[in-house]
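Source file run-v2.cif; content: mmCIF, C-alpha atoms and all ligand atoms.
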```cif
data_structure
#
loop_
_atom_site.label_atom_id
_atom_site.label_comp_id
_atom_site.auth_asym_id
_atom_site.auth_seq_id
_atom_site.Cartn_x
_atom_site.Cartn_y
_atom_site.Cartn_z
CA MET A 1 7.92 -4.95 -20.16
CA ILE A 2 4.62 -6.69 -20.82
CA THR A 3 2.48 -4.53 -23.08
CA ARG A 4 -1.23 -3.96 -22.82
CA GLU A 5 -1.57 -5.73 -26.19
CA GLU A 6 -0.05 -8.88 -24.70
CA ILE A 7 -2.45 -8.73 -21.78
CA ASP A 8 -5.32 -8.14 -24.22
CA ARG A 9 -4.34 -11.36 -25.99
CA VAL A 10 -4.52 -13.26 -22.68
CA LEU A 11 -7.91 -11.68 -22.02
CA GLN A 12 -9.23 -12.76 -25.42
CA ARG A 13 -8.92 -16.36 -24.30
CA TYR A 14 -10.78 -15.66 -21.06
CA ASP A 15 -14.37 -16.69 -20.46
CA LYS A 16 -15.70 -13.31 -19.29
CA ASP A 17 -18.66 -14.97 -17.56
CA LYS A 18 -16.31 -16.92 -15.31
CA ILE A 19 -13.82 -14.34 -14.09
CA THR A 20 -11.94 -15.31 -10.93
CA VAL A 21 -10.47 -12.74 -8.57
CA GLY A 22 -7.04 -13.84 -7.40
CA THR A 23 -4.34 -12.65 -5.05
CA LEU A 24 -1.48 -13.75 -2.83
CA GLY A 25 -2.59 -15.06 0.57
CA SER A 26 -1.56 -12.21 2.87
CA HIS A 27 -1.97 -8.46 3.48
CA SER A 28 -5.57 -7.70 2.38
CA ALA A 29 -6.49 -11.02 0.78
CA LEU A 30 -9.48 -11.68 3.05
CA ASN A 31 -10.83 -8.21 2.26
CA ILE A 32 -10.41 -8.84 -1.49
CA PHE A 33 -11.95 -12.33 -1.40
CA LYS A 34 -14.93 -11.30 0.71
CA GLY A 35 -15.65 -8.44 -1.68
CA ALA A 36 -15.41 -10.72 -4.70
CA LYS A 37 -17.75 -13.28 -3.14
CA GLU A 38 -20.29 -10.62 -2.24
CA GLU A 39 -20.29 -9.51 -5.86
CA GLY A 40 -20.75 -13.11 -7.02
CA LEU A 41 -17.26 -13.66 -8.43
CA ARG A 42 -15.05 -16.73 -7.94
CA THR A 43 -11.79 -16.46 -5.97
CA VAL A 44 -8.33 -18.01 -6.02
CA CYS A 45 -5.67 -17.70 -3.33
CA VAL A 46 -1.98 -18.35 -3.92
CA CYS A 47 -0.52 -19.00 -0.48
CA THR A 48 2.27 -20.61 1.48
CA PRO A 49 1.78 -23.62 3.79
CA ARG A 50 2.43 -21.35 6.78
CA ASN A 51 -0.65 -19.20 6.11
CA GLU A 52 -2.96 -21.79 4.62
CA ILE A 53 -4.82 -22.02 7.93
CA ILE A 54 -6.09 -18.45 7.44
CA TYR A 55 -7.85 -19.32 4.21
CA ARG A 56 -9.18 -22.56 5.64
CA LYS A 57 -10.64 -20.92 8.77
CA PHE A 58 -12.06 -18.05 6.73
CA PRO A 59 -13.25 -20.06 3.74
CA LEU A 60 -13.50 -17.32 1.11
CA ALA A 61 -11.20 -18.77 -1.54
CA ASP A 62 -12.78 -21.16 -4.03
CA HIS A 63 -9.33 -22.34 -5.09
CA VAL A 64 -6.17 -22.45 -3.02
CA ILE A 65 -2.84 -22.88 -4.78
CA ILE A 66 -0.01 -23.72 -2.38
CA VAL A 67 3.48 -22.45 -3.18
CA GLU A 68 6.71 -22.63 -1.18
CA ASN A 69 7.24 -18.90 -1.58
CA PHE A 70 5.50 -16.01 -3.33
CA THR A 71 8.05 -15.72 -6.16
CA GLN A 72 6.58 -18.98 -7.47
CA LEU A 73 3.68 -16.88 -8.68
CA LEU A 74 5.92 -16.31 -11.68
CA ASP A 75 6.27 -20.06 -12.46
CA GLU A 76 4.81 -20.94 -15.82
CA LYS A 77 2.64 -23.71 -14.34
CA ILE A 78 1.11 -21.41 -11.74
CA GLN A 79 0.47 -18.68 -14.30
CA GLU A 80 -1.18 -21.20 -16.63
CA LYS A 81 -3.38 -22.42 -13.81
CA LEU A 82 -4.44 -18.87 -13.01
CA GLN A 83 -5.12 -18.09 -16.65
CA ARG A 84 -7.23 -21.24 -16.99
CA LEU A 85 -9.33 -19.94 -14.09
CA ASN A 86 -9.75 -16.61 -15.98
CA THR A 87 -7.98 -14.87 -13.14
CA ILE A 88 -7.60 -11.16 -12.64
CA LEU A 89 -4.94 -10.56 -10.00
CA ILE A 90 -5.35 -7.87 -7.38
CA PRO A 91 -1.89 -6.58 -6.41
CA HIS A 92 -1.30 -5.68 -2.76
CA GLY A 93 1.65 -4.88 -0.52
CA SER A 94 3.05 -8.42 -0.61
CA PHE A 95 3.40 -8.29 -4.39
CA THR A 96 5.93 -5.48 -4.15
CA ALA A 97 7.48 -6.83 -0.94
CA TYR A 98 8.20 -10.34 -2.24
CA LEU A 99 8.55 -9.76 -5.99
CA ASN A 100 10.51 -6.94 -7.51
CA THR A 101 8.83 -4.51 -9.89
CA GLU A 102 10.94 -5.79 -12.79
CA GLN A 103 9.45 -9.27 -12.27
CA LEU A 104 5.95 -7.86 -11.94
CA MET A 105 6.27 -5.77 -15.07
CA SER A 106 8.07 -8.30 -17.29
CA ASN A 107 7.31 -11.85 -16.16
CA LEU A 108 3.74 -11.97 -14.92
CA TYR A 109 1.32 -12.65 -17.77
CA VAL A 110 -1.81 -12.76 -15.67
CA PRO A 111 -3.98 -9.61 -16.10
CA MET A 112 -3.71 -7.33 -13.11
CA PHE A 113 -6.32 -4.92 -11.79
CA GLY A 114 -4.06 -1.91 -11.48
CA ASN A 115 -1.34 -0.10 -13.37
CA ARG A 116 1.92 -2.07 -13.26
CA GLN A 117 3.98 0.94 -14.24
CA LEU A 118 2.86 2.81 -11.13
CA LEU A 119 4.09 -0.01 -8.90
CA ASP A 120 7.52 0.99 -10.13
CA TRP A 121 6.87 4.65 -9.29
CA GLU A 122 5.77 3.52 -5.87
CA ALA A 123 8.86 1.37 -5.25
CA ASN A 124 11.23 4.26 -5.88
CA ARG A 125 11.39 7.03 -3.26
CA GLU A 126 12.66 9.67 -5.72
CA LYS A 127 9.95 8.90 -8.26
CA GLN A 128 7.30 8.91 -5.54
CA ARG A 129 8.46 12.29 -4.40
CA GLU A 130 8.35 13.65 -7.95
CA TRP A 131 4.81 12.35 -8.39
CA LEU A 132 3.54 13.86 -5.14
CA LEU A 133 5.28 17.20 -5.72
CA LYS A 134 3.87 17.39 -9.25
CA ALA A 135 0.43 16.83 -7.74
CA GLY A 136 1.00 19.89 -5.58
CA LEU A 137 1.02 18.07 -2.24
CA LYS A 138 2.93 19.23 0.81
CA LEU A 139 5.88 16.93 1.58
CA PRO A 140 8.34 16.65 4.47
CA ARG A 141 11.76 18.11 3.67
CA ILE A 142 14.56 15.69 2.86
CA PHE A 143 18.17 15.96 4.00
CA ARG A 144 20.91 14.93 1.56
CA THR A 145 23.48 14.16 4.26
CA PRO A 146 23.35 13.65 8.03
CA ARG A 147 25.39 16.85 8.43
CA GLU A 148 22.40 18.87 7.24
CA ILE A 149 20.17 17.64 10.07
CA ASP A 150 18.79 20.70 11.88
CA GLY A 151 15.64 19.36 13.56
CA TRP A 152 13.79 16.09 13.99
CA VAL A 153 14.37 13.59 11.20
CA ILE A 154 13.18 10.06 10.65
CA ALA A 155 15.86 7.83 9.14
CA LYS A 156 14.47 5.27 6.71
CA PHE A 157 16.21 2.29 5.18
CA PRO A 158 15.75 1.24 1.56
CA GLY A 159 12.72 -0.83 0.59
CA ALA A 160 9.41 -1.00 2.42
CA ARG A 161 10.03 -2.87 5.63
CA GLY A 162 6.86 -1.94 7.40
CA GLY A 163 8.86 0.68 9.27
CA ARG A 164 11.24 -1.86 10.84
CA GLY A 165 14.47 -0.30 12.05
CA TYR A 166 13.49 3.31 11.35
CA PHE A 167 14.77 5.72 13.95
CA LEU A 168 14.64 9.36 14.96
CA ALA A 169 17.50 11.80 15.30
CA SER A 170 17.65 15.51 15.98
CA SER A 171 21.28 16.33 15.15
CA TYR A 172 24.28 14.98 13.29
CA GLU A 173 25.71 13.76 16.61
CA SER A 174 22.62 11.87 17.69
CA PHE A 175 22.34 10.38 14.19
CA GLU A 176 25.93 9.06 14.29
CA ARG A 177 25.49 7.68 17.79
CA LYS A 178 22.33 5.79 16.86
CA VAL A 179 23.79 4.41 13.64
CA ALA A 180 26.81 3.13 15.54
CA ALA A 181 24.56 1.46 18.10
CA MET A 182 22.43 -0.17 15.41
CA LEU A 183 25.50 -1.40 13.54
CA SER A 184 26.95 -2.96 16.66
CA ARG A 185 23.64 -4.67 17.43
CA GLY A 186 23.58 -6.05 13.86
CA LEU A 187 20.25 -4.37 13.12
CA VAL A 188 21.57 -2.73 9.97
CA THR A 189 24.51 -3.14 7.59
CA GLU A 190 26.99 -0.58 6.24
CA ALA A 191 25.27 -0.93 2.86
CA ASP A 192 21.93 0.08 4.45
CA ILE A 193 23.54 3.16 5.97
CA GLU A 194 24.80 4.24 2.54
CA LYS A 195 21.25 4.28 1.22
CA ILE A 196 19.57 5.78 4.25
CA HIS A 197 16.84 8.33 3.55
CA LEU A 198 16.58 11.27 5.94
CA GLN A 199 13.19 12.89 6.10
CA GLU A 200 11.85 15.72 8.22
CA TYR A 201 9.87 14.14 11.07
CA ILE A 202 6.41 15.66 11.17
CA ILE A 203 5.11 16.12 14.67
CA GLY A 204 1.45 15.37 14.45
CA VAL A 205 -0.76 12.33 13.99
CA ASN A 206 -0.71 9.87 11.15
CA VAL A 207 -3.72 9.65 8.89
CA TYR A 208 -4.09 7.28 5.95
CA PRO A 209 -6.98 8.05 3.60
CA HIS A 210 -8.03 5.23 1.25
CA TYR A 211 -9.14 6.23 -2.22
CA PHE A 212 -10.56 4.43 -5.21
CA HIS A 213 -10.17 5.73 -8.73
CA SER A 214 -12.93 4.27 -10.86
CA ILE A 215 -12.05 4.17 -14.55
CA ILE A 216 -15.61 3.08 -15.33
CA GLU A 217 -17.31 5.89 -13.39
CA ASN A 218 -14.49 8.38 -13.99
CA GLU A 219 -14.55 9.32 -10.32
CA VAL A 220 -12.22 9.39 -7.31
CA GLU A 221 -13.90 8.12 -4.16
CA LEU A 222 -12.84 8.25 -0.51
CA LEU A 223 -13.79 4.94 1.07
CA GLY A 224 -12.12 5.00 4.45
CA VAL A 225 -9.39 6.29 6.71
CA ASP A 226 -7.15 4.51 9.18
CA ARG A 227 -4.22 5.15 11.42
CA ARG A 228 -1.42 2.71 12.13
CA TYR A 229 -0.79 0.77 15.27
CA GLU A 230 2.97 0.40 15.37
CA SER A 231 5.32 -1.39 17.71
CA SER A 232 6.94 -0.09 19.77
CA ILE A 233 6.30 3.61 19.14
CA ASP A 234 2.56 3.51 19.88
CA ASN A 235 3.03 2.18 23.37
CA LEU A 236 6.03 4.15 24.56
CA GLY A 237 3.59 6.56 26.20
CA ARG A 238 2.83 3.83 28.74
CA ILE A 239 6.39 3.94 29.99
CA PRO A 240 6.97 6.95 32.23
CA ALA A 241 9.68 9.41 31.12
CA GLN A 242 11.91 8.46 34.07
CA GLU A 243 12.03 4.80 33.01
CA GLN A 244 12.45 5.72 29.36
CA LEU A 245 15.56 7.70 30.22
CA GLU A 246 16.89 4.91 32.42
CA ASN A 247 16.83 2.47 29.53
CA GLU A 248 17.45 4.71 26.50
CA ILE A 249 14.66 3.07 24.56
CA THR A 250 14.90 3.29 20.77
CA PRO A 251 11.43 3.37 19.25
CA SER A 252 10.59 1.31 16.18
CA TYR A 253 7.70 1.53 13.70
CA THR A 254 6.82 -2.06 12.96
CA ILE A 255 3.26 -2.23 11.75
CA ILE A 256 1.07 -4.52 13.85
CA GLY A 257 -2.38 -3.46 12.77
CA ASN A 258 -4.64 -0.57 11.80
CA ILE A 259 -7.22 1.48 13.64
CA PRO A 260 -10.25 3.03 11.90
CA LEU A 261 -10.42 6.79 11.96
CA THR A 262 -13.11 9.36 11.39
CA LEU A 263 -11.79 12.83 10.64
CA ARG A 264 -13.05 16.23 11.57
CA GLU A 265 -15.20 17.06 8.60
CA SER A 266 -13.35 20.17 7.45
CA LEU A 267 -10.22 18.11 6.76
CA LEU A 268 -12.10 16.22 4.07
CA ALA A 269 -12.01 19.14 1.63
CA THR A 270 -8.21 19.09 1.36
CA LEU A 271 -7.99 15.30 1.40
CA LEU A 272 -10.55 14.96 -1.40
CA GLU A 273 -8.70 17.53 -3.51
CA MET A 274 -5.42 15.73 -2.86
CA GLY A 275 -6.89 12.45 -4.15
CA ASP A 276 -8.11 14.15 -7.33
CA LYS A 277 -4.76 15.80 -7.96
CA VAL A 278 -2.78 12.60 -7.45
CA VAL A 279 -5.03 10.83 -9.96
CA GLU A 280 -4.71 13.64 -12.53
CA THR A 281 -0.92 13.65 -12.20
CA ALA A 282 -0.69 9.86 -12.50
CA LYS A 283 -2.49 10.01 -15.86
CA ARG A 284 0.33 12.15 -17.20
CA LEU A 285 3.10 10.06 -15.63
CA ALA A 286 1.94 6.61 -16.64
CA TYR A 287 -1.21 6.35 -18.73
CA PRO A 288 -3.99 5.43 -17.81
CA GLY A 289 -2.88 6.44 -14.33
CA ILE A 290 -4.18 4.81 -11.18
CA ILE A 291 -6.62 1.98 -11.70
CA GLY A 292 -8.62 1.30 -8.55
CA PRO A 293 -7.34 1.65 -4.99
CA PHE A 294 -4.57 3.90 -3.70
CA CYS A 295 -3.62 5.40 -0.38
CA LEU A 296 -1.76 8.45 0.83
CA GLU A 297 0.26 8.24 4.02
CA THR A 298 0.03 11.55 5.78
CA ALA A 299 0.89 13.23 9.03
CA ILE A 300 -1.36 16.09 10.14
CA THR A 301 0.02 18.77 12.42
CA GLU A 302 -1.63 20.82 15.14
CA ASN A 303 -2.06 23.60 12.54
CA LEU A 304 -4.02 21.17 10.37
CA GLU A 305 -1.27 21.05 7.78
CA ILE A 306 -1.31 17.79 5.88
CA TYR A 307 2.09 16.34 4.96
CA THR A 308 2.21 13.34 2.64
CA PHE A 309 5.21 11.06 3.08
CA GLU A 310 4.23 8.10 0.93
CA ILE A 311 1.78 6.82 -1.65
CA SER A 312 0.67 3.28 -2.38
CA ALA A 313 -0.73 2.77 -5.87
CA ARG A 314 -2.72 -0.29 -4.86
CA ILE A 315 -4.90 -1.57 -2.04
CA VAL A 316 -3.36 -0.99 1.41
CA ALA A 317 -3.82 -3.19 4.47
CA GLY A 318 -5.37 -0.23 6.27
CA THR A 319 -8.51 -0.74 4.17
CA ASN A 320 -9.08 -3.90 6.22
CA VAL A 321 -10.53 -1.68 8.94
CA GLY A 322 -13.40 -1.03 6.53
CA ILE A 323 -14.36 -4.67 5.89
CA GLY A 324 -18.13 -4.52 6.22
CA THR A 325 -18.29 -0.77 5.99
CA SER A 326 -16.64 2.46 7.07
CA PRO A 327 -18.27 5.84 7.71
CA TYR A 328 -17.16 7.15 4.32
CA ALA A 329 -18.16 4.06 2.36
CA TYR A 330 -21.48 4.20 4.21
CA LEU A 331 -22.03 7.85 3.29
CA LYS A 332 -21.60 7.08 -0.39
CA TYR A 333 -22.98 3.58 -0.71
CA GLY A 334 -24.93 2.72 2.41
CA GLY A 335 -23.78 -0.41 4.21
CA LYS A 336 -21.70 -3.29 2.97
CA MET A 337 -19.18 -1.41 0.89
CA TYR A 338 -15.42 -1.63 1.39
CA MET A 339 -12.32 -1.72 -0.75
CA GLY A 340 -12.41 -5.43 -1.59
CA ARG A 341 -16.01 -5.16 -2.68
CA ARG A 342 -15.48 -1.90 -4.55
CA ILE A 343 -12.75 -3.62 -6.60
CA ALA A 344 -15.07 -6.52 -7.43
CA MET A 345 -17.85 -4.07 -8.32
CA GLU A 346 -15.56 -2.28 -10.77
CA ILE A 347 -14.53 -5.58 -12.37
CA LYS A 348 -18.19 -6.57 -12.72
CA SER A 349 -19.14 -3.23 -14.29
CA ALA A 350 -16.22 -3.55 -16.69
CA ILE A 351 -17.35 -7.05 -17.69
CA GLU A 352 -20.92 -5.84 -18.27
CA GLN A 353 -19.78 -2.90 -20.36
CA GLU A 354 -17.17 -5.01 -22.20
CA ARG A 355 -14.44 -2.72 -20.94
CA ILE A 356 -12.35 -5.23 -19.04
CA ASN A 357 -9.28 -4.22 -21.11
CA ASP A 358 -9.53 -0.71 -19.67
CA ILE A 359 -9.08 -1.78 -16.06
CA VAL A 360 -6.22 -4.27 -16.29
CA THR A 361 -2.59 -4.07 -17.37
N1 LIG B 401 8.02 12.19 7.81
C1 LIG B 401 7.43 11.53 8.82
N2 LIG B 401 6.95 12.20 9.88
C2 LIG B 401 6.35 11.53 10.91
N3 LIG B 401 6.20 10.19 10.95
C3 LIG B 401 6.66 9.46 9.92
C4 LIG B 401 7.28 10.09 8.80
N4 LIG B 401 7.63 9.14 7.92
C5 LIG B 401 7.25 7.97 8.47
N5 LIG B 401 6.67 8.14 9.68
C6 LIG B 401 6.21 7.05 10.58
O1 LIG B 401 6.92 5.87 10.28
C7 LIG B 401 6.06 4.83 9.79
C8 LIG B 401 6.70 4.08 8.62
O2 LIG B 401 7.10 4.97 7.59
P1 LIG B 401 6.94 4.63 6.04
O3 LIG B 401 7.77 5.59 5.26
O4 LIG B 401 5.51 4.58 5.70
O5 LIG B 401 7.58 3.19 5.99
P2 LIG B 401 7.41 1.99 4.98
O6 LIG B 401 8.26 2.34 3.81
O7 LIG B 401 7.91 0.82 5.76
O8 LIG B 401 5.95 1.93 4.66
C9 LIG B 401 4.79 5.60 9.39
O9 LIG B 401 3.65 4.84 9.47
C10 LIG B 401 4.77 6.75 10.40
O10 LIG B 401 4.26 6.37 11.64
MG MG B 402 4.49 3.34 4.50
#
```

In structure tokens, write the structure found in this file.
Ligand SMILES: Nc1ncnc2c1ncn2[C@@H]1O[C@H](COP(=O)(O)OP(=O)(O)O)[C@@H](O)[C@H]1O
Ligand SMILES: [Mg+2]
Amino acid sequence: MITREEIDRVLQRYDKDKITVGTLGSHSALNIFKGAKEEGLRTVCVCTPRNEIIYRKFPLADHVIIVENFTQLLDEKIQEKLQRLNTILIPHGSFTAYLNTEQLMSNLYVPMFGNRQLLDWEANREKQREWLLKAGLKLPRIFRTPREIDGWVIAKFPGARGGRGYFLASSYESFERKVAAMLSRGLVTEADIEKIHLQEYIIGVNVYPHYFHSIIENEVELLGVDRRYESSIDNLGRIPAQEQLENEITPSYTIIGNIPLTLRESLLATLLEMGDKVVETAKRLAYPGIIGPFCLETAITENLEIYTFEISARIVAGTNVGIGTSPYAYLKYGGKMYMGRRIAMEIKSAIEQERINDIVT
């Protein structure tokens, strides 16, 4: 694993007056670049030919480096180029989706705004669960085997897939029937089934609060909230029950976009405490804990119980709903604050206070 000392050595060669904010061209890149530009920093985008048009039509990247695929971020030449630009990388969902945590922790010598070790905690469902339980959060139950199913469960396959292929079952029989159907349609493999994760399905609404842990200010901030817009589950309500039964529709949870959300105010107390506790716990699990953005994925029931089913220890795409501002960012900062800009602001403060080593790993 790359040590902080090794990253410090890379930083020593950096011209701190010419820091460039870099990321992979996808997920929340526009958010990150816009924020960096608004704080007067330079930007570099590593992207594939397929998505280059995005960064041409929204010209926020000062440098565009084209790669055939995202794993090329690890190529020596690309890393050297990024280091020459004094790049600090902002990890987002595509880092963990296209590169494995081993590669991120051991082969990427470009300083990262964030804690690499926590990306590993995030990638592993058991570790995630341990982290959230230690923080005292309420979690959905898990079922070790399909035979234990005694109520609604959501069956999840290994690795973040943006919810693709997840399905619901309410008994051992319905689980077996659905697995058989998915196998015969080639949607999943036997190996996937072995590693399936069965989680209590929380009947409620999904709520994703976006937090920022500032190392410089020693504060946890709530900057926005979103809910997901998922295909096909979010539109099944448009199909009358009669027709649903006729066709035995299997819902899926493929993320298409995000919708901004403003919560009833009393919910904020619990959500703010949850953010603080997750940050405190992370410090004990992997020092210095969370650096910058993180998000909890929760479902809130009719009794206002908040269940957390996932954590992302990095910027989430849901923060894109706040580009410009969100009610919560506005309450704290006035207009023009959002996750991408908050990241850039932290980097700038760190540069000014000569504490850049404290916010990268
Ligand atoms: N325990 C649960 N209860 C209710 N809905 C859930 C639960 N777990 C996941 N979901 C739904 O499924 C979607 C994808 O689940 P998630 O575990 O976040 O997948 P991924 O690993 O792909 O991010 C969520 O956005 C949510 O709508
Ligand atoms: Mg998720």

Please check which protein, DNA or RNA residues sit within 10 Å of ligand LIG 401 (chain B), counting all atoms listed in the file, and write them as a PyMOL selection string. chain A and resi 93+123+125+139-142+152-168+197-208+227-231+233-234+252-255+296-301+307-312

Let me have the centre and edge lengths in Å, one decimal, of the box along x, y and z around every listed atom of range 144-149 of chain A with 6 Å of margin on each side, as AutoDock Vina command-line options.
```
--center_x 22.8 --center_y 16.3 --center_z 5.8 --size_x 17.2 --size_y 17.2 --size_z 20.5
```

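Nearest to ligand MG 402 (chain B) of all the residues A:Arg177, A:Leu137, A:Gln128, A:Asn69 is A:Gln128, counting all atoms listed in the file.
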
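Reported to one decimal place, the separation of CA of Gly224 in chain A from CA of Pro327 in chain A is 7.0 Å.
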
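Here CA of Asn86 in chain A is placed at a distance of 18.0 Å from CA of Ala29 in chain A.
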
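Every protein, DNA or RNA residue with an atom at most 12 Å from Glu352 in chain A, where all atoms listed in the file count and chain neighbours fewer than 3 positions away do not, is listed here: Lys16, Asp17, Ile19, Ile216, Met345, Glu346, Ile347, Lys348, Ser349, Arg355 and Ile356 of chain A.
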
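With all atoms listed in the file as the atoms that count, the residue of A:Thr270, A:Gln72, A:Thr325, A:Asn124 with the shortest distance to Lys138 in chain A is A:Thr270.
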
Taking 6 positions as the minimum chain separation for residues in the same chain, which residues sit within 6 Å of range 102-111 of chain A when counting all atoms listed in the file? Answer as a CSV table (one decimal) with C-alpha atoms, in the frame of the given file.
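Writing done, so here's selection-v6.csv:
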```csv
chain,number,residue,atom,x,y,z
A,1,MET,CA,7.9,-5.0,-20.2
A,2,ILE,CA,4.6,-6.7,-20.8
A,7,ILE,CA,-2.4,-8.7,-21.8
A,74,LEU,CA,5.9,-16.3,-11.7
A,88,ILE,CA,-7.6,-11.2,-12.6
A,360,VAL,CA,-6.2,-4.3,-16.3
A,361,THR,CA,-2.6,-4.1,-17.4
```

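Atom to atom, CA of Leu132 in chain A and CA of Ala350 in chain A stand 28.8 Å apart.
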
Identify which of the residues A:Ile32, A:Ala191, A:Val279, A:Ile66 lies closest to Cys47 in chain A, counting all atoms listed in the file when measuring atom-to-atom distances. A:Ile66

Neighbour residues at most 12 Å from (22.6, 2.0, 16.3) (only C-alpha atoms) as a PyMOL selection string: chain A and resi 155+165-169+174-190+193+248-251

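Taking all atoms listed in the file into account, ligand MG 402 (chain B) lies nearest to A:Ala313 out of the set A:Asn320, A:Ala313, A:Leu99, A:Lys283.
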
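The smallest atom-to-atom distance between ligand MG 402 (chain B) and any of A:Gly324, A:Gly318, A:Pro293, A:Pro146, using all atoms listed in the file, is found for A:Gly318.
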
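Considering all atoms listed in the file, the residue among A:Gly289, A:Gly114, A:Pro91, A:Gly340 positioned nearest to His210 in chain A is A:Gly340.
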
Counting all atoms listed in the file, which residues have an atom no more than 7 Å from (-10.0, 4.1, 6.5) in the file's coordinates? Please list them as a list in words. Tyr208, Pro209, His210, Leu223, Gly224, Val225, Asp226, Pro260, Leu261, Gly318, Thr319, Val321, Gly322 and Ser326 of chain A

With all atoms listed in the file as the counted atoms, please give the residues lying no more than 10 Å from Gly35 in chain A, apart from itself and same-chain residues fewer than 3 positions off, as a PyMOL selection string. chain A and resi 21+29-32+38-41+43+60+323-324+336-345
